[in-house]
>>> print(open('data-v6.txt').read())   # compact mmCIF, C-alpha atoms
# COMPACT_ATOMS: atom_id res chain seq x y z
CA MET A 1213 -5.99 -11.16 30.99
CA LEU A 1214 -5.58 -10.96 34.74
CA SER A 1215 -5.85 -7.77 36.78
CA ILE A 1216 -2.52 -6.23 37.81
CA ASP A 1217 -2.76 -7.60 41.36
CA GLN A 1218 -2.96 -11.19 40.07
CA TYR A 1219 0.52 -11.17 38.52
CA THR A 1220 3.58 -12.20 40.52
CA VAL A 1221 7.29 -11.72 40.03
CA GLY A 1222 8.70 -14.86 38.42
CA MET A 1223 5.69 -15.68 36.24
CA SER A 1224 7.02 -16.63 32.82
CA ALA A 1225 6.13 -17.83 29.35
CA GLU A 1226 8.20 -19.53 26.66
CA LEU A 1227 8.06 -20.47 23.02
CA GLU A 1228 10.37 -22.21 20.61
CA LYS A 1229 10.82 -21.03 17.03
CA THR A 1230 12.85 -22.07 14.02
CA PHE A 1231 13.13 -19.43 11.29
CA SER A 1232 12.94 -20.86 7.78
CA ASP A 1233 14.08 -19.33 4.48
CA GLU A 1234 10.43 -18.62 3.66
CA ASP A 1235 9.96 -16.83 7.01
CA VAL A 1236 12.99 -14.60 6.39
CA GLN A 1237 11.95 -13.88 2.78
CA LEU A 1238 8.45 -12.85 3.93
CA PHE A 1239 9.82 -10.63 6.71
CA ALA A 1240 12.19 -8.96 4.25
CA LYS A 1241 9.31 -8.28 1.87
CA LEU A 1242 7.00 -6.96 4.61
CA SER A 1243 9.62 -4.86 6.40
CA GLY A 1244 11.58 -3.68 3.39
CA ASP A 1245 14.84 -4.80 5.05
CA ILE A 1246 16.57 -6.48 2.12
CA ASN A 1247 20.08 -6.50 3.60
CA PRO A 1248 21.89 -9.30 1.70
CA VAL A 1249 23.23 -10.76 4.96
CA HIS A 1250 19.66 -12.04 5.45
CA LEU A 1251 18.86 -13.03 1.86
CA ASP A 1252 22.01 -13.91 -0.10
CA GLU A 1253 24.04 -16.91 1.10
CA ASP A 1254 27.01 -16.11 -1.16
CA TYR A 1255 27.18 -12.59 0.24
CA ALA A 1256 26.63 -13.74 3.83
CA GLN A 1257 29.57 -16.15 3.55
CA THR A 1258 31.87 -13.14 3.05
CA THR A 1259 30.70 -11.53 6.31
CA MET A 1260 31.73 -12.13 9.91
CA PHE A 1261 28.64 -14.37 10.26
CA GLY A 1262 29.65 -16.90 7.60
CA HIS A 1263 26.02 -17.68 6.69
CA ARG A 1264 22.69 -15.92 6.35
CA ILE A 1265 21.21 -14.64 9.58
CA VAL A 1266 17.66 -13.90 10.73
CA HIS A 1267 16.72 -10.22 10.99
CA GLY A 1268 17.14 -9.06 14.59
CA ALA A 1269 13.81 -7.23 14.44
CA PHE A 1270 12.10 -10.40 13.25
CA ALA A 1271 13.62 -12.56 15.98
CA SER A 1272 12.82 -10.03 18.71
CA SER A 1273 9.20 -9.86 17.53
CA MET A 1274 8.72 -13.28 19.14
CA PHE A 1275 8.62 -11.49 22.49
CA SER A 1276 5.60 -9.56 21.23
CA THR A 1277 4.03 -12.90 20.28
CA LEU A 1278 4.47 -14.13 23.85
CA PHE A 1279 3.12 -10.91 25.38
CA ALA A 1280 0.07 -10.73 23.10
CA ASN A 1281 -0.91 -14.40 23.27
CA VAL A 1282 0.37 -15.85 26.54
CA LEU A 1283 1.67 -13.52 29.26
CA PRO A 1284 0.01 -11.17 30.00
CA GLY A 1285 -2.18 -12.00 26.98
CA PRO A 1286 -4.71 -10.31 24.69
CA GLY A 1287 -5.38 -6.67 25.48
CA CYS A 1288 -1.95 -5.78 26.87
CA ILE A 1289 0.05 -2.92 25.37
CA TYR A 1290 3.78 -3.36 24.63
CA LEU A 1291 5.19 0.04 25.68
CA LYS A 1292 8.94 -0.27 25.34
CA SER A 1293 11.91 -2.56 25.34
CA ASN A 1294 15.65 -2.50 25.70
CA ILE A 1295 17.12 -5.26 23.57
CA ASN A 1296 20.71 -6.43 23.23
CA PHE A 1297 21.64 -8.65 20.28
CA LEU A 1298 24.43 -10.89 21.57
CA LYS A 1299 24.76 -13.66 18.99
CA PRO A 1300 23.38 -14.06 15.47
CA ILE A 1301 20.45 -16.36 14.86
CA TYR A 1302 20.90 -18.52 11.78
CA LEU A 1303 18.19 -19.92 9.54
CA ASN A 1304 16.80 -23.30 10.63
CA GLU A 1305 18.28 -22.91 14.12
CA VAL A 1306 15.99 -23.72 17.07
CA VAL A 1307 15.61 -20.71 19.36
CA GLN A 1308 13.97 -20.64 22.80
CA PHE A 1309 12.30 -17.35 23.74
CA LYS A 1310 11.38 -16.57 27.34
CA VAL A 1311 9.71 -13.64 29.09
CA GLU A 1312 9.65 -13.40 32.89
CA ILE A 1313 8.10 -10.80 35.16
CA SER A 1314 10.85 -9.10 37.16
CA GLU A 1315 8.91 -6.16 38.59
CA ILE A 1316 5.30 -5.07 39.03
CA LEU A 1317 4.25 -1.41 39.04
CA PRO A 1318 0.64 -1.61 40.27
CA GLU A 1319 0.15 2.17 40.44
CA LYS A 1320 0.86 2.35 36.68
CA ASN A 1321 -0.73 -1.01 35.69
CA ARG A 1322 2.62 -2.07 34.28
CA LEU A 1323 4.76 -5.18 34.31
CA ILE A 1324 8.51 -5.20 33.74
CA PHE A 1325 9.88 -8.32 32.06
CA GLN A 1326 13.29 -9.83 31.56
CA ILE A 1327 13.41 -11.14 28.00
CA GLN A 1328 15.78 -13.78 26.72
CA ALA A 1329 16.39 -15.79 23.55
CA ASN A 1330 18.79 -18.73 23.55
CA SER A 1331 20.07 -21.13 20.91
CA LYS A 1332 22.48 -24.02 21.32
CA GLY A 1333 22.90 -23.10 24.98
CA LYS A 1334 24.01 -19.53 24.23
CA SER A 1335 22.21 -16.23 24.71
CA CYS A 1336 21.25 -14.55 21.43
CA ILE A 1337 19.05 -11.75 22.72
CA SER A 1338 18.56 -10.31 26.19
CA GLY A 1339 16.90 -7.27 27.63
CA THR A 1340 13.83 -5.87 29.30
CA ALA A 1341 10.31 -4.94 28.26
CA GLU A 1342 7.54 -2.88 29.82
CA ILE A 1343 3.93 -3.93 29.31
CA TYR A 1344 0.77 -2.00 30.19
CA ILE A 1345 -2.09 -4.05 31.63
CA THR A 1346 -5.49 -2.73 30.61
CA PRO A 1347 -7.54 -2.21 33.78
CA GLN A 1348 -10.39 -4.68 34.10
CA SER A 1349 -13.86 -3.17 33.98
CA ALA A 1350 -16.25 -4.08 36.77
>>> encode(input="data-v6.txt", output="structure tokens")
Amino acid sequence: MLSIDQYTVGMSAELEKTFSDEDVQLFAKLSGDINPVHLDEDYAQTTMFGHRIVHGAFASSMFSTLFANVLPGPGCIYLKSNINFLKPIYLNEVVQFKVEISEILPEKNRLIFQIQANSKGKSCISGTAEIYITPQSA
């Protein structure tokens, strides 16, 4: 991980993810969220979504994946986020996740990110996140 003064506004990281039935089943088991809109196609067809959808918490966890592994990377602390779910994410749909530094707070060792998930050219998730950068030891 870089020191806080090595980051610049506009730095970004991206990943692409497709959520399979197995992924959603495992997340439901681990989280305890067994809402049938995620697990039961017959039920989901009766909802406004028309088909099963990926858990919002599961989809938004991809931002944590980017923060922990890419930007800023191992050792950072995910402090908070403000997330808006704009469009459902369906199983087997390709989703692009992006995080981009929008502000740097050097006195607090923090980075503010714009976060975005898109599928089929439409925004599914948008918001902000605040990440603490662990000070580098000399």
>>> residues_around(input="data-v6.txt", residues="Asp1233 of chain A", least_positions_apart="3", cutoff="9 Å", atoms="all atoms listed in the file", output="PyMOL selection string")
chain A and resi 1236-1238+1251+1303-1304
>>> write_last_selection(input="data-v6.txt", atoms="C-alpha atoms", output="PDB file, keeping the file's coordinate frame")
ATOM      1  CA  VAL A1236      12.990 -14.600   6.390  1.00  0.00           C
ATOM      2  CA  GLN A1237      11.950 -13.880   2.780  1.00  0.00           C
ATOM      3  CA  LEU A1238       8.450 -12.850   3.930  1.00  0.00           C
ATOM      4  CA  LEU A1251      18.860 -13.030   1.860  1.00  0.00           C
ATOM      5  CA  LEU A1303      18.190 -19.920   9.540  1.00  0.00           C
ATOM      6  CA  ASN A1304      16.800 -23.300  10.630  1.00  0.00           C
TER       7      ASN A1304
END
>>> atom_distance(input="data-v6.txt", atom1="atom CA of Phe1239 of chain A", atom2="atom CA of Tyr1344 of chain A")
26.6 Å
>>> residues_around(input="data-v6.txt", residues="segment 1217-1228 of chain A", least_positions_apart="5", cutoff="6 Å", atoms="all atoms listed in the file", output="PyMOL selection string")
chain A and resi 1307-1315
>>> atom_distance(input="data-v6.txt", atom1="atom CA of Asn1281 of chain A", atom2="atom CA of Ser1215 of chain A")
15.8 Å
>>> residues_near_point(input="data-v6.txt", point="(14.3, -8.2, 30.7)", cutoff="6 Å", atoms="all atoms listed in the file", output="PyMOL selection string")
chain A and resi 1325-1327+1339-1341
>>> residues_around(input="data-v6.txt", residues="segment 1253-1260 of chain A", least_positions_apart="4", cutoff="12 Å", atoms="all atoms listed in the file", output="ChimeraX atom specification")
/A:1233,1247-1249,1264-1266,1299-1300,1302-1303
>>> atom_distance(input="data-v6.txt", atom1="atom CA of Ser1243 of chain A", atom2="atom CA of Leu1298 of chain A")
22.0 Å
>>> closest_residue(input="data-v6.txt", among="A:Asn1321, A:Ser1331, A:Asn1296, A:Ser1273", to="Leu1214 of chain A", atoms="only C-alpha atoms")
A:Asn1321
>>> build_atoms(input="data-v6.txt", residues="segment 1255-1272 of chain A", atoms="N, CA and C atoms", output="compact mmCIF listing (two decimals), keeping the file's coordinate frame")
# COMPACT_ATOMS: atom_id res chain seq x y z
N TYR A 1255 26.74 -13.82 -0.43
CA TYR A 1255 27.18 -12.59 0.24
C TYR A 1255 27.44 -12.85 1.72
N ALA A 1256 26.52 -13.51 2.38
CA ALA A 1256 26.63 -13.74 3.83
C ALA A 1256 27.90 -14.51 4.18
N GLN A 1257 28.35 -15.39 3.29
CA GLN A 1257 29.57 -16.15 3.55
C GLN A 1257 30.80 -15.26 3.60
N THR A 1258 30.73 -14.07 3.03
CA THR A 1258 31.87 -13.14 3.05
C THR A 1258 31.86 -12.25 4.29
N THR A 1259 30.83 -12.37 5.11
CA THR A 1259 30.70 -11.53 6.31
C THR A 1259 31.24 -12.25 7.54
N MET A 1260 31.28 -11.54 8.64
CA MET A 1260 31.73 -12.13 9.91
C MET A 1260 30.82 -13.26 10.38
N PHE A 1261 29.59 -13.34 9.83
CA PHE A 1261 28.64 -14.37 10.26
C PHE A 1261 28.85 -15.70 9.55
N GLY A 1262 29.36 -15.67 8.33
CA GLY A 1262 29.65 -16.90 7.60
C GLY A 1262 28.47 -17.53 6.89
N HIS A 1263 27.26 -17.17 7.30
CA HIS A 1263 26.02 -17.68 6.69
C HIS A 1263 24.94 -16.62 6.87
N ARG A 1264 23.83 -16.83 6.19
CA ARG A 1264 22.69 -15.92 6.35
C ARG A 1264 22.21 -15.93 7.79
N ILE A 1265 21.75 -14.76 8.23
CA ILE A 1265 21.21 -14.64 9.58
C ILE A 1265 19.79 -14.09 9.53
N VAL A 1266 19.04 -14.39 10.57
CA VAL A 1266 17.66 -13.90 10.73
C VAL A 1266 17.73 -12.43 11.13
N HIS A 1267 16.82 -11.62 10.59
CA HIS A 1267 16.72 -10.22 10.99
C HIS A 1267 16.54 -10.13 12.50
N GLY A 1268 17.29 -9.25 13.14
CA GLY A 1268 17.14 -9.06 14.59
C GLY A 1268 15.74 -8.61 14.96
N ALA A 1269 15.16 -7.72 14.16
CA ALA A 1269 13.81 -7.23 14.44
C ALA A 1269 12.79 -8.37 14.34
N PHE A 1270 13.00 -9.27 13.41
CA PHE A 1270 12.10 -10.40 13.25
C PHE A 1270 12.21 -11.33 14.46
N ALA A 1271 13.43 -11.67 14.83
CA ALA A 1271 13.62 -12.56 15.98
C ALA A 1271 13.03 -11.94 17.24
N SER A 1272 13.30 -10.67 17.47
CA SER A 1272 12.82 -10.03 18.71
C SER A 1272 11.30 -9.86 18.71
